[in-house]
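Asker: What follows is the file final_7.json, containing JSON, C-alpha atoms:
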[["chain", "number", "residue", "atom", "x", "y", "z"],
["A", 20, "MET", "CA", 1.26, -11.63, 29.18],
["A", 21, "ALA", "CA", -2.19, -10.48, 30.17],
["A", 22, "ASP", "CA", -5.39, -12.11, 28.93],
["A", 23, "PHE", "CA", -6.67, -11.47, 25.46],
["A", 24, "ASP", "CA", -9.83, -12.23, 23.52],
["A", 25, "GLN", "CA", -8.51, -12.75, 20.04],
["A", 26, "GLU", "CA", -5.19, -13.45, 18.39],
["A", 27, "LEU", "CA", -3.62, -12.40, 15.10],
["A", 28, "ASP", "CA", -0.43, -13.97, 13.77],
["A", 29, "ALA", "CA", 1.14, -11.53, 11.33],
["A", 30, "SER", "CA", 4.49, -13.33, 11.25],
["A", 31, "GLY", "CA", 6.32, -13.05, 7.95],
["A", 32, "LEU", "CA", 4.22, -10.10, 6.80],
["A", 33, "ASN", "CA", 5.79, -6.77, 5.99],
["A", 34, "CYS", "CA", 4.62, -3.16, 6.21],
["A", 35, "PRO", "CA", 1.76, -2.24, 6.02],
["A", 36, "LEU", "CA", 0.11, -5.68, 6.25],
["A", 37, "PRO", "CA", 0.39, -6.23, 10.04],
["A", 38, "ILE", "CA", -1.41, -2.92, 10.64],
["A", 39, "LEU", "CA", -4.04, -3.60, 7.98],
["A", 40, "ARG", "CA", -4.75, -7.09, 9.31],
["A", 41, "ALA", "CA", -4.92, -5.76, 12.87],
["A", 42, "LYS", "CA", -7.34, -3.03, 11.85],
["A", 43, "LYS", "CA", -9.53, -5.56, 10.04],
["A", 44, "THR", "CA", -9.57, -7.89, 13.04],
["A", 45, "LEU", "CA", -10.37, -5.03, 15.43],
["A", 46, "ASN", "CA", -13.29, -4.04, 13.20],
["A", 47, "GLY", "CA", -14.93, -7.35, 14.01],
["A", 48, "MET", "CA", -14.38, -7.03, 17.76],
["A", 49, "GLU", "CA", -16.41, -5.35, 20.46],
["A", 50, "SER", "CA", -15.22, -2.29, 22.36],
["A", 51, "GLY", "CA", -13.03, -3.18, 25.36],
["A", 52, "LYS", "CA", -11.91, -6.51, 23.90],
["A", 53, "VAL", "CA", -8.19, -7.20, 23.62],
["A", 54, "LEU", "CA", -6.30, -8.33, 20.53],
["A", 55, "HIS", "CA", -2.97, -10.14, 20.78],
["A", 56, "ILE", "CA", -0.77, -9.60, 17.74],
["A", 57, "ILE", "CA", 2.42, -11.44, 16.80],
["A", 58, "ALA", "CA", 4.67, -9.91, 14.13],
["A", 59, "THR", "CA", 8.18, -10.33, 12.77],
["A", 60, "ASP", "CA", 8.50, -6.97, 11.02],
["A", 61, "PRO", "CA", 10.79, -4.83, 13.23],
["A", 62, "GLY", "CA", 9.04, -1.71, 11.89],
["A", 63, "SER", "CA", 5.81, -2.88, 13.50],
["A", 64, "VAL", "CA", 7.01, -1.74, 16.94],
["A", 65, "LYS", "CA", 6.84, 1.95, 16.03],
["A", 66, "ASP", "CA", 3.91, 1.35, 13.70],
["A", 67, "PHE", "CA", 1.62, -0.14, 16.34],
["A", 68, "GLU", "CA", 2.52, 2.74, 18.69],
["A", 69, "ALA", "CA", 1.54, 5.19, 15.97],
["A", 70, "PHE", "CA", -1.57, 3.18, 15.09],
["A", 71, "ALA", "CA", -2.74, 3.30, 18.71],
["A", 72, "ASN", "CA", -2.02, 7.02, 19.03],
["A", 73, "GLN", "CA", -4.01, 7.85, 15.93],
["A", 74, "THR", "CA", -6.96, 5.50, 16.29],
["A", 75, "GLY", "CA", -7.55, 5.73, 20.05],
["A", 76, "ASN", "CA", -7.20, 1.97, 20.52],
["A", 77, "GLU", "CA", -4.99, 1.38, 23.55],
["A", 78, "LEU", "CA", -1.60, -0.30, 23.17],
["A", 79, "MET", "CA", -1.49, -2.14, 26.50],
["A", 80, "GLU", "CA", 1.73, -4.00, 25.92],
["A", 81, "SER", "CA", 4.55, -4.19, 23.39],
["A", 82, "LYS", "CA", 7.46, -6.56, 23.78],
["A", 83, "GLU", "CA", 9.98, -8.74, 21.99],
["A", 84, "VAL", "CA", 9.85, -12.46, 22.65],
["A", 85, "GLY", "CA", 12.44, -14.69, 21.01],
["A", 86, "GLY", "CA", 12.91, -12.49, 17.94],
["A", 87, "LYS", "CA", 9.18, -11.89, 17.48],
["A", 88, "PHE", "CA", 7.22, -8.80, 18.42],
["A", 89, "GLU", "CA", 4.05, -9.12, 20.46],
["A", 90, "PHE", "CA", 1.40, -6.52, 21.10],
["A", 91, "LEU", "CA", -1.79, -6.24, 23.12],
["A", 92, "ILE", "CA", -4.29, -3.74, 21.81],
["A", 93, "LYS", "CA", -7.56, -2.93, 23.52],
["A", 94, "LYS", "CA", -10.30, -1.82, 21.15],
["A", 95, "ALA", "CA", -11.62, 1.66, 21.92],
["B", 22, "MET", "CA", -18.53, 17.93, 6.50],
["B", 23, "SER", "CA", -16.90, 15.19, 8.57],
["B", 24, "ASP", "CA", -13.95, 15.91, 10.84],
["B", 25, "GLU", "CA", -12.14, 12.85, 9.55],
["B", 26, "LYS", "CA", -8.66, 13.63, 8.31],
["B", 27, "LYS", "CA", -8.29, 13.46, 4.55],
["B", 28, "LEU", "CA", -5.53, 12.18, 2.28],
["B", 29, "ALA", "CA", -5.47, 12.95, -1.43],
["B", 30, "ILE", "CA", -3.01, 11.17, -3.72],
["B", 31, "ILE", "CA", -2.25, 11.60, -7.41],
["B", 32, "ALA", "CA", -0.76, 8.42, -8.88],
["B", 33, "THR", "CA", 1.10, 9.07, -12.12],
["B", 34, "LYS", "CA", 3.45, 6.13, -12.56],
["B", 35, "GLY", "CA", 2.79, 2.70, -14.03],
["B", 36, "SER", "CA", 5.81, 0.62, -13.08],
["B", 37, "LEU", "CA", 5.90, -2.21, -10.56],
["B", 38, "ASP", "CA", 8.03, -0.35, -8.02],
["B", 39, "TRP", "CA", 6.08, 2.89, -8.19],
["B", 40, "ALA", "CA", 2.75, 1.09, -7.94],
["B", 41, "TYR", "CA", 3.40, 0.40, -4.28],
["B", 42, "PRO", "CA", 3.55, 3.84, -2.64],
["B", 43, "PRO", "CA", 0.00, 4.96, -3.55],
["B", 44, "PHE", "CA", -1.61, 1.69, -2.42],
["B", 45, "ILE", "CA", 0.54, 1.28, 0.72],
["B", 46, "LEU", "CA", -0.11, 4.85, 1.86],
["B", 47, "ALA", "CA", -3.81, 4.82, 0.98],
["B", 48, "SER", "CA", -4.56, 1.51, 2.71],
["B", 49, "THR", "CA", -2.60, 2.52, 5.80],
["B", 50, "ALA", "CA", -4.26, 5.92, 5.95],
["B", 51, "ALA", "CA", -7.66, 4.26, 5.68],
["B", 52, "ALA", "CA", -6.75, 1.94, 8.57],
["B", 53, "LEU", "CA", -5.85, 5.02, 10.61],
["B", 54, "GLY", "CA", -9.22, 6.56, 9.91],
["B", 55, "TYR", "CA", -8.36, 8.89, 7.05],
["B", 56, "GLU", "CA", -10.87, 9.46, 4.30],
["B", 57, "THR", "CA", -8.73, 8.73, 1.25],
["B", 58, "GLU", "CA", -8.91, 9.27, -2.49],
["B", 59, "ILE", "CA", -6.44, 8.38, -5.22],
["B", 60, "PHE", "CA", -6.61, 10.12, -8.58],
["B", 61, "PHE", "CA", -4.96, 8.01, -11.30],
["B", 62, "THR", "CA", -3.64, 9.89, -14.28],
["B", 63, "PHE", "CA", -1.37, 9.17, -17.25],
["B", 64, "TYR", "CA", 0.71, 6.01, -16.62],
["B", 65, "GLY", "CA", -0.84, 5.67, -13.19],
["B", 66, "LEU", "CA", -3.96, 4.34, -14.92],
["B", 67, "GLN", "CA", -2.12, 1.03, -15.43],
["B", 68, "LEU", "CA", -2.64, 0.46, -11.70],
["B", 69, "LEU", "CA", -6.39, 0.16, -12.23],
["B", 70, "LYS", "CA", -6.26, -2.70, -14.71],
["B", 71, "LYS", "CA", -7.81, -5.99, -13.61],
["B", 72, "ASN", "CA", -4.76, -7.82, -14.85],
["B", 73, "LEU", "CA", -1.78, -6.01, -13.29],
["B", 74, "ASP", "CA", 1.08, -6.77, -15.63],
["B", 75, "LEU", "CA", 3.58, -4.24, -14.33],
["B", 76, "GLU", "CA", 7.31, -4.29, -14.82],
["B", 77, "VAL", "CA", 10.31, -2.63, -13.27],
["B", 78, "THR", "CA", 13.32, -1.31, -15.16],
["B", 79, "PRO", "CA", 16.82, -0.45, -13.94],
["B", 80, "LEU", "CA", 17.23, 1.82, -16.99],
["B", 81, "GLY", "CA", 17.67, 5.44, -15.99],
["B", 82, "ASN", "CA", 17.57, 4.42, -12.34],
["B", 83, "PRO", "CA", 21.11, 4.40, -10.91],
["B", 84, "GLY", "CA", 19.67, 4.05, -7.39],
["B", 85, "MET", "CA", 18.14, 0.65, -8.01],
["B", 86, "PRO", "CA", 19.97, -2.06, -6.05],
["B", 87, "MET", "CA", 21.07, -4.78, -8.46],
["B", 88, "PRO", "CA", 21.24, -8.38, -7.32],
["B", 89, "MET", "CA", 24.52, -10.34, -7.43],
["B", 90, "GLY", "CA", 26.60, -7.25, -8.21],
["B", 91, "MET", "CA", 25.08, -7.11, -11.66],
["B", 92, "ASP", "CA", 25.80, -3.41, -11.91],
["B", 93, "LYS", "CA", 29.52, -4.28, -12.08],
["B", 94, "TRP", "CA", 28.95, -6.69, -14.94],
["B", 95, "PHE", "CA", 26.54, -4.64, -16.97],
["B", 96, "PRO", "CA", 27.40, -1.07, -17.82],
["B", 97, "VAL", "CA", 24.45, 1.23, -18.40],
["B", 98, "LEU", "CA", 23.94, 0.14, -21.99],
["B", 99, "GLY", "CA", 23.88, -3.51, -20.87],
["B", 100, "LEU", "CA", 20.70, -2.71, -19.01],
["B", 101, "ALA", "CA", 19.03, -2.08, -22.33],
["B", 102, "LEU", "CA", 19.68, -5.63, -23.51],
["B", 103, "PRO", "CA", 16.56, -7.53, -24.59],
["B", 104, "GLY", "CA", 15.10, -9.53, -21.73],
["B", 105, "MET", "CA", 16.75, -7.43, -19.04],
["B", 106, "GLN", "CA", 13.51, -5.75, -17.96],
["B", 107, "GLY", "CA", 11.67, -9.06, -17.72],
["B", 108, "MET", "CA", 14.50, -10.56, -15.72],
["B", 109, "MET", "CA", 14.65, -7.65, -13.28],
["B", 110, "THR", "CA", 10.87, -7.78, -12.89],
["B", 111, "GLY", "CA", 10.97, -11.47, -12.07],
["B", 112, "MET", "CA", 13.73, -10.94, -9.53],
["B", 113, "MET", "CA", 11.92, -8.04, -7.89],
["B", 114, "LYS", "CA", 8.67, -10.02, -7.59],
["B", 115, "LYS", "CA", 10.50, -12.97, -6.06],
["B", 116, "LYS", "CA", 12.27, -10.74, -3.58],
["B", 117, "MET", "CA", 9.04, -9.03, -2.55],
["B", 118, "ALA", "CA", 7.25, -12.33, -2.02],
["B", 119, "SER", "CA", 10.14, -13.72, 0.05],
["B", 120, "LYS", "CA", 10.10, -10.63, 2.29],
["B", 121, "GLY", "CA", 6.37, -10.78, 2.94],
["B", 122, "VAL", "CA", 5.63, -7.61, 1.00],
["B", 123, "ALA", "CA", 1.98, -7.51, 0.00],
["B", 124, "ASP", "CA", 0.88, -8.47, -3.46],
["B", 125, "LEU", "CA", -0.31, -5.39, -5.37],
["B", 126, "THR", "CA", -3.70, -6.86, -6.14],
["B", 127, "GLU", "CA", -4.19, -7.63, -2.47],
["B", 128, "LEU", "CA", -3.22, -4.10, -1.42],
["B", 129, "ARG", "CA", -5.59, -2.65, -3.98],
["B", 130, "GLU", "CA", -8.41, -4.86, -2.71],
["B", 131, "LEU", "CA", -7.66, -3.78, 0.86],
["B", 132, "CYS", "CA", -7.94, -0.17, -0.31],
["B", 133, "GLN", "CA", -11.32, -0.84, -1.89],
["B", 134, "GLU", "CA", -12.57, -2.73, 1.17],
["B", 135, "ALA", "CA", -11.57, 0.26, 3.29],
["B", 136, "GLU", "CA", -13.56, 2.53, 0.98],
["B", 137, "VAL", "CA", -10.61, 4.34, -0.52],
["B", 138, "LYS", "CA", -12.06, 6.13, -3.57],
["B", 139, "LEU", "CA", -10.26, 5.34, -6.81],
["B", 140, "ILE", "CA", -10.71, 7.90, -9.54],
["B", 141, "ALA", "CA", -9.55, 7.44, -13.12],
["B", 142, "CYS", "CA", -8.63, 10.51, -15.15],
["B", 143, "GLN", "CA", -11.17, 10.60, -17.97],
["B", 144, "MET", "CA", -8.91, 12.71, -20.16],
["B", 145, "THR", "CA", -6.08, 10.14, -20.06],
["B", 146, "VAL", "CA", -8.52, 7.31, -20.78],
["B", 147, "ASP", "CA", -9.60, 9.17, -23.92],
["B", 148, "LEU", "CA", -6.08, 10.25, -24.86],
["B", 149, "PHE", "CA", -4.64, 6.74, -24.84],
["B", 150, "GLU", "CA", -7.91, 5.21, -26.05],
["B", 151, "MET", "CA", -7.89, 2.86, -23.09],
["B", 152, "ASN", "CA", -10.51, 0.16, -22.87],
["B", 153, "THR", "CA", -12.41, 0.69, -19.61],
["B", 154, "SER", "CA", -13.57, -2.93, -19.62],
["B", 155, "GLU", "CA", -9.97, -3.78, -18.68],
["B", 156, "PHE", "CA", -10.30, -1.75, -15.48],
["B", 157, "ILE", "CA", -11.51, -3.05, -12.12],
["B", 158, "ASP", "CA", -15.05, -2.30, -10.95],
["B", 159, "GLY", "CA", -15.94, 0.37, -8.46],
["B", 160, "ILE", "CA", -13.89, 3.21, -9.87],
["B", 161, "GLU", "CA", -15.07, 6.68, -10.79],
["B", 162, "TYR", "CA", -14.19, 8.51, -14.02],
["B", 163, "ALA", "CA", -13.66, 12.23, -13.65],
["B", 164, "GLY", "CA", -11.43, 15.22, -14.30],
["B", 165, "ALA", "CA", -9.13, 17.63, -12.54],
["B", 166, "ALA", "CA", -11.93, 19.67, -10.99],
["B", 167, "ARG", "CA", -13.23, 16.55, -9.26],
["B", 168, "PHE", "CA", -9.77, 16.02, -7.75],
["B", 169, "PHE", "CA", -9.64, 19.53, -6.35],
["B", 170, "GLU", "CA", -13.06, 19.20, -4.80],
["B", 171, "PHE", "CA", -11.57, 16.63, -2.44],
["B", 172, "ALA", "CA", -7.90, 17.71, -2.41],
["B", 173, "GLY", "CA", -8.86, 21.27, -1.51],
["B", 174, "ASN", "CA", -10.14, 20.05, 1.83],
["B", 175, "SER", "CA", -7.43, 17.46, 2.42],
["B", 176, "ASP", "CA", -4.91, 17.44, 5.26],
["B", 177, "ILE", "CA", -2.27, 15.67, 3.20],
["B", 178, "CYS", "CA", -1.86, 15.81, -0.57],
["B", 179, "LEU", "CA", 0.74, 13.71, -2.39],
["B", 180, "TYR", "CA", 1.88, 13.57, -5.99],
["B", 181, "ILE", "CA", 3.42, 10.19, -6.71]]
As structure tokens, what does this structure read like?

Answerer:
Amino acid sequence: MADFDQELDASGLNCPLPILRAKKTLNGMESGKVLHIIATDPGSVKDFEAFANQTGNELMESKEVGGKFEFLIKKA
Amino acid sequence: MSDEKKLAIIATKGSLDWAYPPFILASTAAALGYETEIFFTFYGLQLLKKNLDLEVTPLGNPGMPMPMGMDKWFPVLGLALPGMQGMMTGMMKKKMASKGVADLTELRELCQEAEVKLIACQMTVDLFEMNTSEFIDGIEYAGAARFFEFAGNSDICLYI
């Protein structure tokens, strides 16, 4: 997985908390920085896609690793 | 006027299960960049109390999944037994916590942090003689016209 600047572990959290936590973390980051998110909610796969589409933050990577879902989001 | 998208919600229900949709949708919309307002009216005003003491009832709700096949054991009238509502509420809260579903108070705080406007229906407050000192801070008291001022320009408008 590519480099990232900050990490958010949203394991065990259910909709909409992973998105809300990610948004909050991104708020404190500078443009161009990359956030690595780990989640266990299967719904988060589609949700982070939709989040990126609507907020303009780029979803660089989305994959499943050992039953967990990992995302890389670059702040717009 | 801003070109932000707008979401207007009317929250009318005061049970534990129905408290979730307004706060989940509002906090998510805010995270997506929507300007969001929730207008709380009638039983929905319970959702603005500092101390959220909400319950859930299976009565009149044949769609509610019952734990341990309880629906087989208790015919409809059994659901009206004393203590049933408290028991179902306890079970629902436990289930939600075990599944990582947000606590209502937390969701409501996230809404306020994200500048979701919470508006209490002044008429209902007067009608039920509700004590506004029991409500959380940072809410606005207004009437139907105030709702339409925002809802009239909204992209999405929901009645919950």

Asker: Hey, what's within 7 Å of range 33-35 of chain A if we count only C-alpha atoms and toss same-chain stuff fewer than 3 positions away? As a list of chain:residue names, please?

Answerer: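 Counting only the stated atoms, we get A:Ile38, A:Leu39, A:Asp60, B:Ile45, B:Thr49, B:Lys120, B:Gly121, B:Val122.
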
Asker: Mind dumping a table of every chain A residue within 12 Å of chain B, with the nearest atom pair and its distance in Å to one decimal, using only C-alpha atoms, sorted by chain and rising number, as a tab-separated table?

Answerer:
residue	atom	partner	partner_atom	distance
A:Ala29	CA	B:Gly121	CA	9.9
A:Ser30	CA	B:Gly121	CA	8.9
A:Gly31	CA	B:Gly121	CA	5.5
A:Leu32	CA	B:Gly121	CA	4.5
A:Asn33	CA	B:Val122	CA	5.1
A:Cys34	CA	B:Val122	CA	6.9
A:Pro35	CA	B:Thr49	CA	6.5
A:Leu36	CA	B:Ala123	CA	6.8
A:Pro37	CA	B:Thr49	CA	10.2
A:Ile38	CA	B:Thr49	CA	7.4
A:Leu39	CA	B:Ala52	CA	6.2
A:Arg40	CA	B:Ala52	CA	9.3
A:Ala41	CA	B:Ala52	CA	9.0
A:Lys42	CA	B:Ala52	CA	6.0
A:Lys43	CA	B:Ala52	CA	8.1
A:Thr44	CA	B:Ala52	CA	11.2
A:Leu45	CA	B:Ala52	CA	10.4
A:Asn46	CA	B:Ala52	CA	10.0
A:Ala58	CA	B:Gly121	CA	11.4
A:Thr59	CA	B:Gly121	CA	10.0
A:Asp60	CA	B:Gly121	CA	9.2
A:Asp66	CA	B:Thr49	CA	10.3
A:Phe67	CA	B:Leu53	CA	10.7
A:Glu68	CA	B:Leu53	CA	11.9
A:Ala69	CA	B:Leu53	CA	9.1
A:Phe70	CA	B:Leu53	CA	6.5
A:Ala71	CA	B:Leu53	CA	8.8
A:Asn72	CA	B:Leu53	CA	9.5
A:Gln73	CA	B:Leu53	CA	6.3
A:Thr74	CA	B:Leu53	CA	5.8
A:Gly75	CA	B:Leu53	CA	9.6
A:Asn76	CA	B:Leu53	CA	10.5

Asker: Restricting the calculation to all atoms listed in the file: of A:Lys93, A:Met48, A:Val64, A:Gln25, which residue gets closest to Leu78 in chain A?

Answerer: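 Ranking A:Lys93, A:Met48, A:Val64, A:Gln25 by distance to Leu78 in chain A, first place goes to A:Lys93.
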
Asker: Please report the interatomic distance between CA of Gln67 in chain B and CA of Ile181 in chain B in Å with one decimal.

Answerer: 13.8 Å

Asker: Using all atoms listed in the file - which residues lie no farther than 12 Å from the point (-13.6, 4.2, -12.7) in the file's frame? Write them as a PyMOL selection string.

Answerer: chain B and resi 59-62+66+68-71+138-143+146+151-164

Asker: Name the residues, using the chain letters and numbers of the file, that sit within 8 Å of (-8.3, 13.4, -2.4) when counting all atoms listed in the file, and give them as a list in words.

Answerer: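 Those residues lying close to the given coordinates are Lys27, Leu28, Ala29, Ile30, Thr57, Glu58, Ile59, Phe60, Phe168, Phe169, Glu170, Phe171, Ala172, Gly173, Ser175 and Cys178 of chain B.
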
Asker: In Å to one decimal, how far is CA of Lys115 in chain B from CA of Val77 in chain B?

Answerer: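 Here the two named atoms are 12.6 Å from each other.
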
Asker: Between B:Glu136, B:Thr145, B:Met105, B:Arg129, which is the closest to Leu73 in chain B once you count all atoms listed in the file?

Answerer: B:Arg129

Asker: Give me, as a PDB file with C-alpha atoms, keeping the file's coordinate frame, all polymer residues having an atom no more than 6 Å from range 88-90 of chain A, counting all atoms listed in the file and skipping those fewer than 2 positions away in the same chain.

Answerer:
ATOM      1  CA  HIS A  55      -2.970 -10.140  20.780  1.00  0.00           C
ATOM      2  CA  ILE A  56      -0.770  -9.600  17.740  1.00  0.00           C
ATOM      3  CA  ILE A  57       2.420 -11.440  16.800  1.00  0.00           C
ATOM      4  CA  ALA A  58       4.670  -9.910  14.130  1.00  0.00           C
ATOM      5  CA  THR A  59       8.180 -10.330  12.770  1.00  0.00           C
ATOM      6  CA  GLU A  80       1.730  -4.000  25.920  1.00  0.00           C
ATOM      7  CA  SER A  81       4.550  -4.190  23.390  1.00  0.00           C
ATOM      8  CA  LYS A  82       7.460  -6.560  23.780  1.00  0.00           C
ATOM      9  CA  GLU A  83       9.980  -8.740  21.990  1.00  0.00           C
TER      10      GLU A  83
END

Asker: Using all atoms listed in the file, which protein or nucleic acid residues come within 12 Å of Leu37 in chain B? Drop anything in the same chain fewer than 6 positions from it, and give the result as a ChimeraX atom specification.

Answerer: /B:43-44,64-65,67-68,73-79,106-107,109-114,117,124-126

Asker: Between CA of Lys34 in chain B and CA of Phe63 in chain B, what is the distance, to one decimal in Å?

Answerer: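 It comes out at 7.4 Å.
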
Asker: Please identify all polymer residues within 9 Å of Phe23 in chain A, counting all atoms listed in the file, omitting same-chain residues fewer than 5 positions from it, and present them as a ChimeraX atom specification.

Answerer: /A:52-55,91-93
